[in-house]
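Below: one structure, written as structure tokens.
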There are 2 protein chains.
Amino acid sequence: MKRSVFFVSDGTGITAETLGRSLLAQFDTVQFDESAIPYVDTEDKARSLVQQINKVAEDDGVRPIIIDTIVNRQVRDIIATANAFMMDVFETYLGKLETELCAAPTTVVGKTHSIINNEAYGVRIDAVHFALDNDDGARTRHYDKADIILTGVSRSGKTPTSLYMALQFGVHVGNYPLTEDDFDDLRLPGALKEHKRKLFGLTIDPERLCAIRHERKANSRYASIQQCEIEIRAAEALFNKEGIPYINTTHLSIEEISTRILAQAGIKRRLV
Amino acid sequence: MKRSVFFVSDGTGITAETLGRSLLAQFDTVQFDESAIPYVDTEDKARSLVQQINKVAEDDGVRPIIIDTIVNRQVRDIIATANAFMMDVFETYLGKLETELCAAPTTVVGKTHSIINNEAYGVRIDAVHFALDNDDGARTRHYDKADIILTGVSRSGKTPTSLYMALQFGVHVGNYPLTEDDFDDLRLPGALKEHKRKLFGLTIDPERLCAIRHERKANSRYASIQQCEIEIRAAEALFNKEGIPYINTTHLSIEEISTRILAQAGIKRRLV
């Protein structure tokens, strides 16, 4: 049976959505129809959402699930009148924390994701620009300022990983593509040699790489399974020979690749 | 008083951390010392973490707070022996959801952020490469495939926002910088005219822009408050004249800029 789910917040809704998806992922026999509803920050918006949810309840023949992080008490009380099963995050935890901390919550909307911390903003912007400037081996002269340098064959996931790490952790990530030239003598490219300690390799199953490359250049030599196999075998041989830690990205999301690398390489975040 | 906080998970820890920071942000009179501890996925790691937490409890003179999303029961039971105030997310909610859904949770570790969904992975990668290929007005011929085109003066936040939107929502974002040339006659650049409906403007307070630009090119004309004021005034005049919706990013985080634009522009996510 399909269950409709609403992630509701008077802020960005990022917390409600992250928590909600994480919980729902534990029930893989149920089919969920998920909607993110951020910025429900007035009583009017709340009433209109209640109508929408009640309509869905009627259509589905079963009450929807609401997972919410609504700080405003009045707004929350209105949402609570919907014909739905409501899991309210702040209600669940704030009271407990209040007791433990002997401090009253400020109950200001959108504290986490809206209050600008100028220093943190600068750290993220710098990290994003560092990743862009040092993407795909474009430039290597700033590698001394890199926290880590990702390396691997084309489309092994270097660029999205480096951007995610920049945005999420503020770390300075360079990335350098390994190409056939580098495999001839199985030696590290000159630009990487002096930064060997900072290197982290990405590898991927040849079948998956082949599929990804086909999306980009169908039926090319570049995308052929033979070529993918040769490159991956050589890249892994190089990582092993040089003692470079590496991770197989085939079954991992970008979040997981990034957090694993951070943990394994023992890199300190610049964003806390 | 300082309170130490541990975000603990047997997966990436993204959920524990997102939820935890959101809750703690409500207590701004308390100073928190936060640590993210992902991948606590064996009983040995759990025992060693308990020792670490107990040591911190002793040093602080007050028990630390644990906010955890540990799926593995054995691991969780060990963590629960620490001298700490523990808020366990799965324990709090899974039972309630189980009753509501009439379904048993699978209790598989790291469901949310680790199980690879090949289609979703492809959507994100495509979106990231779209953002990169269409960054900073580099190319405009793919604007017909863009879901949205951000525009604004240099350092108003276009690039990090477009990358965040790509990674988080999978949407195709182009971005185009407004420069002095565009302000002379207060007309849209030719490349943008035919895509006017897709445009979304970013603006920022001149003082903040000045500070950001000084970080990049100290004491330049580019970073001067006069120049920042002229550019911002002209950009806003252009947005108003052309009826382009825009958002002031000064007090917003990248998450909030992105989710607000998505909501205001009514863009459908490509990633669900």
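Residues in the structure tokens are numbered from 1 in each chain, the chains being A, B, ... in the order shown, and ligands are numbered from 1 in the order shown.
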
### Spatial neighbours of region 184-197 of chain A, max dist 8 Å, only C-alpha atoms, sep filter under 5 positions, as an NGL selection string
:A and (140 or 143-144 or 234 or 237-238 or 242 or 244)

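Residues within 6 Å of Gly201 (chain B), counting only C-alpha atoms and excluding same-chain residues fewer than 5 positions away, are B:Leu150, B:Thr151, B:Gly152, B:Tyr246.
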
### Message
Would you pick out the contacts of region 161-166 of chain A at 10 Å or less, using only C-alpha atoms, so that residues sharing its chain but fewer than 5 positions from it are not included, and give the list as an MDAnalysis selection string?
### Response
(chainID A and resid 123:132 134:135 148:150 156 171:175 202 253:259 261:262 269:271) or (chainID B and resid 125 128 160 163:164 167:168)

### Query
Could you pull the residues within 7 Å of region 50-65 of chain A, counting only C-alpha atoms, minus those fewer than 4 positions along the same chain, as a VMD selection string?
chain A and resid 3 to 6 46 79 82 to 86

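For the pair CA of Arg155 (chain A) and CA of Thr18 (chain A), the interatomic distance is 27.1 Å.
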
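Note that the spacing between CA of Gly20 (chain B) and CA of Met87 (chain B) amounts to 9.4 Å.
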
### Message
Calculated over only C-alpha atoms, which of the candidates A:Ala235, A:Ile78, A:Val40, A:Ile230 has the smallest distance to chain B?
### Response
A:Val40

### Task
Could you pull out the residues in region 174-214 of chain A that DSSP calls strand (DSSP E or B) from the backbone, as a ChimeraX atom specification?
/A:174-178,199-203

#### Entry: helix (DSSP H, G or I) call set, DSSP backbone run, region 37-261 of chain A, as a VMD selection string
chain A and resid 43 to 60 73 to 79 89 to 101 111 to 114 118 to 133 135 to 137 143 to 145 158 to 169 180 to 183 190 to 193 196 to 198 206 to 216 225 to 242 254 to 261
